[in-house]
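J.: If it helps, the file is called work_8.pdb and holds PDB, C-alpha atoms:
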ATOM      1  CA  MET A 216       0.000   0.000   0.000
ATOM      2  CA  ILE A 217       1.146   3.479  -0.853
ATOM      3  CA  TYR A 218      -0.808   6.376   0.592
ATOM      4  CA  ASP A 219       0.373   9.905  -0.119
ATOM      5  CA  LYS A 220      -0.551  13.365  -1.360
ATOM      6  CA  LEU A 221      -1.054  13.793  -5.118
ATOM      7  CA  LYS A 222       1.691  16.438  -5.159
ATOM      8  CA  ASN A 223       4.152  13.603  -4.330
ATOM      9  CA  ILE A 224       3.002  11.057  -6.938
ATOM     10  CA  ASP A 225       6.176  11.479  -9.029
ATOM     11  CA  LEU A 226       8.132   9.822  -6.204
ATOM     12  CA  TYR A 227       6.622   6.467  -7.200
ATOM     13  CA  ARG A 228       7.804   6.400 -10.807
ATOM     14  CA  GLY A 229       9.891   3.457 -11.931
ATOM     15  CA  LEU A 230       8.114   0.715  -9.998
ATOM     16  CA  TYR A 231       6.284  -0.542 -13.134
ATOM     17  CA  PRO A 232       6.181   0.878 -16.689
ATOM     18  CA  ASN A 233       2.373   0.958 -16.731
ATOM     19  CA  LEU A 234       2.335   2.744 -13.370
ATOM     20  CA  ASP A 235       4.374   5.529 -14.962
ATOM     21  CA  VAL A 236       1.729   5.805 -17.710
ATOM     22  CA  ALA A 237      -1.008   6.160 -15.081
ATOM     23  CA  ILE A 238       1.030   8.742 -13.142
ATOM     24  CA  ASP A 239       1.474  10.814 -16.310
ATOM     25  CA  TYR A 240      -2.289  10.707 -16.877
ATOM     26  CA  ILE A 241      -3.089  11.636 -13.279
ATOM     27  CA  LYS A 242      -0.688  14.584 -13.391
ATOM     28  CA  LYS A 243      -2.569  16.050 -16.388
ATOM     29  CA  GLY A 244      -5.661  16.296 -14.166
ATOM     30  CA  GLU A 245      -8.063  15.313 -16.954
ATOM     31  CA  TYR A 246      -9.605  12.568 -14.812
ATOM     32  CA  THR A 247     -11.475  15.194 -12.766
ATOM     33  CA  SER A 248     -13.770  15.997 -15.713
ATOM     34  CA  LEU A 249     -14.379  12.458 -16.997
ATOM     35  CA  PRO A 250     -17.962  11.184 -16.946
ATOM     36  CA  VAL A 251     -18.937   8.153 -14.892
ATOM     37  CA  GLY A 252     -17.827   4.951 -16.613
ATOM     38  CA  LYS A 253     -14.738   3.122 -17.860
ATOM     39  CA  HIS A 254     -12.126   4.986 -19.919
ATOM     40  CA  GLU A 255      -9.151   3.372 -21.640
ATOM     41  CA  ILE A 256      -5.798   5.085 -21.317
ATOM     42  CA  VAL A 257      -3.661   2.353 -22.938
ATOM     43  CA  GLY A 258      -6.106  -0.360 -23.975
ATOM     44  CA  LYS A 259      -6.474  -3.029 -21.303
ATOM     45  CA  ASP A 260      -3.060  -2.227 -19.804
ATOM     46  CA  VAL A 261      -4.077   1.028 -18.121
ATOM     47  CA  PHE A 262      -7.633   2.272 -17.708
ATOM     48  CA  VAL A 263      -9.724   4.233 -15.257
ATOM     49  CA  SER A 264     -13.233   3.762 -13.924
ATOM     50  CA  VAL A 265     -15.043   6.824 -12.633
ATOM     51  CA  ILE A 266     -17.736   6.009 -10.089
ATOM     52  CA  GLU A 267     -20.215   7.874  -7.935
ATOM     53  CA  ILE A 268     -21.085   5.945  -4.827
ATOM     54  CA  GLU A 269     -22.436   6.342  -1.344
ATOM     55  CA  GLY A 270     -19.759   5.372   1.155
ATOM     56  CA  LYS A 271     -20.206   1.768   2.288
ATOM     57  CA  ASP A 272     -20.377   0.480   5.856
ATOM     58  CA  VAL A 273     -16.820  -0.528   6.728
ATOM     59  CA  ALA A 274     -18.048  -3.240   9.122
ATOM     60  CA  THR A 275     -19.951  -5.131   6.415
ATOM     61  CA  THR A 276     -17.671  -4.474   3.423
ATOM     62  CA  PRO A 277     -15.341  -7.384   2.604
ATOM     63  CA  PHE A 278     -11.671  -7.028   1.820
ATOM     64  CA  GLU A 279     -10.928  -7.393  -1.889
ATOM     65  CA  ILE A 280      -7.787  -8.385  -3.793
ATOM     66  CA  HIS A 281      -6.533  -8.257  -7.378
ATOM     67  CA  LYS A 282      -3.881 -10.506  -8.928
ATOM     68  CA  LYS A 283      -3.274  -8.849 -12.324
ATOM     69  CA  TYR A 284      -3.922  -5.150 -11.834
ATOM     70  CA  LEU A 285      -2.854  -2.799  -9.095
ATOM     71  CA  ASP A 286      -5.314  -0.046  -8.151
ATOM     72  CA  ILE A 287      -4.752   3.664  -7.821
ATOM     73  CA  HIS A 288      -7.622   5.311  -5.950
ATOM     74  CA  VAL A 289      -8.116   9.067  -6.354
ATOM     75  CA  ASP A 290     -11.145  10.903  -4.984
ATOM     76  CA  ILE A 291     -12.616  13.688  -7.112
ATOM     77  CA  THR A 292     -15.189  14.835  -4.556
ATOM     78  CA  GLY A 293     -15.991  13.665  -1.070
ATOM     79  CA  ASN A 294     -14.006  11.703   1.452
ATOM     80  CA  GLU A 295     -13.670   7.998   2.056
ATOM     81  CA  LEU A 296     -12.109   5.495   4.358
ATOM     82  CA  ILE A 297      -9.926   2.766   2.843
ATOM     83  CA  GLU A 298      -8.752  -0.079   5.040
ATOM     84  CA  THR A 299      -5.771  -2.275   4.227
ATOM     85  CA  GLY A 300      -5.689  -5.826   5.523
ATOM     86  CA  GLY A 301      -2.950  -8.198   6.530
ATOM     87  CA  GLU A 302      -2.462 -11.682   5.166
ATOM     88  CA  GLY A 303      -5.720 -13.510   4.940
ATOM     89  CA  ASN A 304      -7.656 -16.452   3.641
ATOM     90  CA  GLU A 305      -8.940 -16.197   0.089
ATOM     91  CA  VAL A 306     -12.687 -16.807  -0.005
ATOM     92  CA  SER A 307     -13.217 -16.396  -3.732
ATOM     93  CA  TYR A 308     -11.488 -15.101  -6.862
ATOM     94  CA  ASP A 309     -12.911 -14.397 -10.325
ATOM     95  CA  GLU A 310     -10.033 -14.390 -12.821
ATOM     96  CA  ASN A 311     -12.123 -12.725 -15.558
ATOM     97  CA  ARG A 312     -12.906  -9.758 -13.295
ATOM     98  CA  ASP A 313      -9.572  -9.906 -11.447
ATOM     99  CA  PHE A 314     -11.538  -9.603  -8.240
ATOM    100  CA  GLY A 315     -11.277 -11.697  -5.124
ATOM    101  CA  VAL A 316     -12.589 -11.590  -1.585
ATOM    102  CA  VAL A 317     -10.429 -12.412   1.419
ATOM    103  CA  GLU A 318     -10.993 -12.690   5.138
ATOM    104  CA  CYS A 319      -8.370 -10.875   7.175
ATOM    105  CA  GLU A 320      -7.872  -8.250   9.828
ATOM    106  CA  ASN A 321      -7.450  -4.532   9.227
ATOM    107  CA  VAL A 322      -3.891  -3.305   9.698
ATOM    108  CA  ASN A 323      -4.247   0.270   8.452
ATOM    109  CA  SER A 324      -6.966   2.863   7.887
ATOM    110  CA  SER A 325      -6.460   5.715   5.428
ATOM    111  CA  TYR A 326      -8.785   8.694   5.161
ATOM    112  CA  MET A 327      -8.907   9.900   1.576
ATOM    113  CA  SER A 328      -9.679  13.360   0.240
ATOM    114  CA  PRO A 329      -9.238  14.783  -3.277
ATOM    115  CA  ASP A 330      -5.640  15.739  -2.402
ATOM    116  CA  ASP A 331      -4.630  12.116  -1.717
ATOM    117  CA  PHE A 332      -4.007   8.911  -3.613
ATOM    118  CA  TYR A 333      -3.814   5.282  -2.559
ATOM    119  CA  ILE A 334      -2.019   2.546  -4.502
ATOM    120  CA  CYS A 335      -3.012  -0.996  -3.694
ATOM    121  CA  MET A 336      -0.494  -3.606  -4.832
ATOM    122  CA  LEU A 337      -1.258  -7.088  -6.157
ATOM    123  CA  ASP A 338      -2.755  -9.506  -3.621
ATOM    124  CA  GLU A 339      -3.049  -6.719  -1.044
ATOM    125  CA  PRO A 340      -6.379  -6.871   0.799
ATOM    126  CA  HIS A 341      -8.210  -3.544   0.801
ATOM    127  CA  LYS A 342     -11.665  -2.097   1.494
ATOM    128  CA  PRO A 343     -12.201   0.995  -0.657
ATOM    129  CA  ALA A 344     -15.114   3.437  -0.798
ATOM    130  CA  CYS A 345     -16.158   3.130   2.823
ATOM    131  CA  ALA A 346     -17.909   6.000   4.570
ATOM    132  CA  ALA A 347     -15.522   8.257   6.463
ATOM    133  CA  PRO A 348     -16.838   8.907   9.978
ATOM    134  CA  GLY A 349     -18.439  12.317  10.326
ATOM    135  CA  LYS A 350     -18.286  13.075   6.570
ATOM    136  CA  ASP A 351     -20.868  13.199   3.800
ATOM    137  CA  LYS A 352     -21.230   9.716   2.310
ATOM    138  CA  ALA A 353     -21.308  10.933  -1.331
ATOM    139  CA  ILE A 354     -18.076  10.050  -3.133
ATOM    140  CA  LYS A 355     -16.992  10.556  -6.741
ATOM    141  CA  LYS A 356     -13.733   8.817  -7.423
ATOM    142  CA  CYS A 357     -11.423   7.300  -9.999
ATOM    143  CA  ILE A 358     -10.019   3.822  -9.777
ATOM    144  CA  PHE A 359      -7.074   3.457 -12.116
ATOM    145  CA  LYS A 360      -6.286  -0.150 -13.055
ATOM    146  CA  VAL A 361      -2.651  -0.822 -13.962
ATOM    147  CA  LEU A 362      -1.579  -4.150 -15.453
ATOM    148  CA  VAL A 363       1.588  -5.347 -13.736
TER     149      VAL A 363
END
Starting from the file, give its structure as structure tokens.

T.:
Amino acid sequence: MIYDKLKNIDLYRGLYPNLDVAIDYIKKGEYTSLPVGKHEIVGKDVFVSVIEIEGKDVATTPFEIHKKYLDIHVDITGNELIETGGEGNEVSYDENRDFGVVECENVNSSYMSPDDFYICMLDEPHKPACAAPGKDKAIKKCIFKVLV
């Protein structure tokens, strides 16, 4: 997990070539005006999904994992809580969707605002888009998917 301010995103260049592509796109700031939906940046290698969601209940939201794509979460409006889990037991995994559910314990909580970003690495349990305590539950965010 990498959690930092958007102004520092250049520090994470060089980890993966496709991550650098996503960083370049994020730095342009065009994602803030994209409509809801999926948008290709480099075919299936790098794309972004823009969603509008009401923050979920952290207690009932399962931890998810991905095995092919890392996630970069960037809020456009609103605030959210993202939890990161420790090692856990895989409950299910759908290879076509690159989406799995795991049971594990929370090891970190990150409170996101539009000035922040969160990178979730492969096989790293995380609970995104949860309601931040004391904040409006309305969230508009981008989830960048980066093939590793």

J.: Neighbours of Gly315 (chain A) within 10 Å (only C-alpha atoms; same-chain residues fewer than 5 positions away dropped), as a list in words?

T.: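 Close residues of Gly315 (chain A): Pro277, Phe278, Glu279, Ile280, His281, Lys282, Glu305, Val306, Ser307, Tyr308, Asp309, Glu310, Asp338 and Pro340 of chain A.
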
J.: Quick one: which residues end up in the PyMOL selection byres ((chain A and resi 259) around 12) for this structure, as a list in words?

T.: Asn233, Lys253, His254, Glu255, Ile256, Val257, Gly258, Asp260, Val261, Phe262, Val263, Lys283, Tyr284, Phe359, Lys360, Val361, Leu362 and Val363 of chain A

J.: Rank nothing, just name the residue among A:Asp225, A:Asp330, A:Asp272, A:Glu245 nearest to Leu296 (chain A), using all atoms listed in the file.

T.: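 Between A:Asp225, A:Asp330, A:Asp272, A:Glu245, the residue approaching Leu296 (chain A) most closely is A:Asp272.
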
J.: Would you mind telling me which residue in A:Leu249, A:Ala347, A:Ile238, A:Ile224 lies nearest to Gly270 (chain A) when using only C-alpha atoms?

T.: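 Nearest to Gly270 (chain A): A:Ala347.
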
J.: Step by step, work through what the PyMOL selection byres ((chain A and resi 304) around 9) selects in the shown file, and finish by giving those residues as a list in words.

T.: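 Evaluating the PyMOL selection byres ((chain A and resi 304) around 9) on these coordinates yields Glu302, Gly303, Glu305, Val306, Val316, Val317, Glu318 and Cys319 of chain A.
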
J.: Restricting the calculation to all atoms listed in the file: of A:Thr292, A:Asn311, A:Ser328, A:Thr276, which residue gets closest to His341 (chain A)?

T.: A:Thr276

J.: Could you check how far CA of Ile287 (chain A) sits from CA of Ala346 (chain A), in Å to one decimal?

T.: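 Straight-line distance from CA of Ile287 (chain A) to CA of Ala346 (chain A) works out to 18.2 Å.
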
J.: Contacts of Lys271 (chain A) at 9 Å or less, counting all atoms listed in the file, minus same-chain residues fewer than 2 places along, as a list in words?

T.: Ile268, Glu269, Val273, Ala274, Thr275, Thr276, Pro343, Ala344, Cys345, Ala346 and Lys352 of chain A

J.: How many Å lie between CA of Lys356 (chain A) and CA of Tyr231 (chain A), rounded to one decimal?

T.: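 Separating CA of Lys356 (chain A) from CA of Tyr231 (chain A) is a distance of 22.8 Å.
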
J.: One number please: CA of Met327 (chain A) to CA of Tyr227 (chain A), in Å, one decimal.

T.: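 Pair CA of Met327 (chain A) / CA of Tyr227 (chain A) returns 18.2 Å.
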
J.: Out of A:Leu337, A:Val289, A:Ile358, A:Val251, which residue has the shortest atom-to-atom distance to Asp219 (chain A) when counting all atoms listed in the file?

T.: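 Nearest candidate to Asp219 (chain A) out of A:Leu337, A:Val289, A:Ile358, A:Val251: A:Val289.
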
J.: Here's the selection I'm unsure about, the PyMOL selection byres ((chain A and resi 336) around 7); applied to the file above, which residues does it give, as a ChimeraX atom specification?

T.: /A:216,285-286,334-335,337-339

J.: I'd like the contact shell of Pro329 (chain A) - 10 Å cut-off, all atoms listed in the file, skipping same-chain residues fewer than 6 positions apart - returned as number ranges by chain.

T.: A: 220-221, 247, 288-295, 355-356

J.: Which is closest to Ile297 (chain A) among A:Ile266, A:Pro348, A:Asn223, A:Ser248, if we use only C-alpha atoms?

T.: A:Pro348

J.: Between A:Lys350, A:Cys357, A:Pro232, A:Ser325, which residue has the minimum interatomic distance to Thr299 (chain A), considering only C-alpha atoms?

T.: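 Among A:Lys350, A:Cys357, A:Pro232, A:Ser325, it is A:Ser325 that comes nearest to Thr299 (chain A).
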
J.: Please, what is the axis-aligned box for every listed atom of region 338-354 of chain A with 3 Å on each side, as centre and edge lengths in Å to one decimal, as lines of an AutoDock Vina configuration file?

T.:
center_x = -12.0
center_y = 1.8
center_z = 3.4
size_x = 24.6
size_y = 28.7
size_z = 19.9
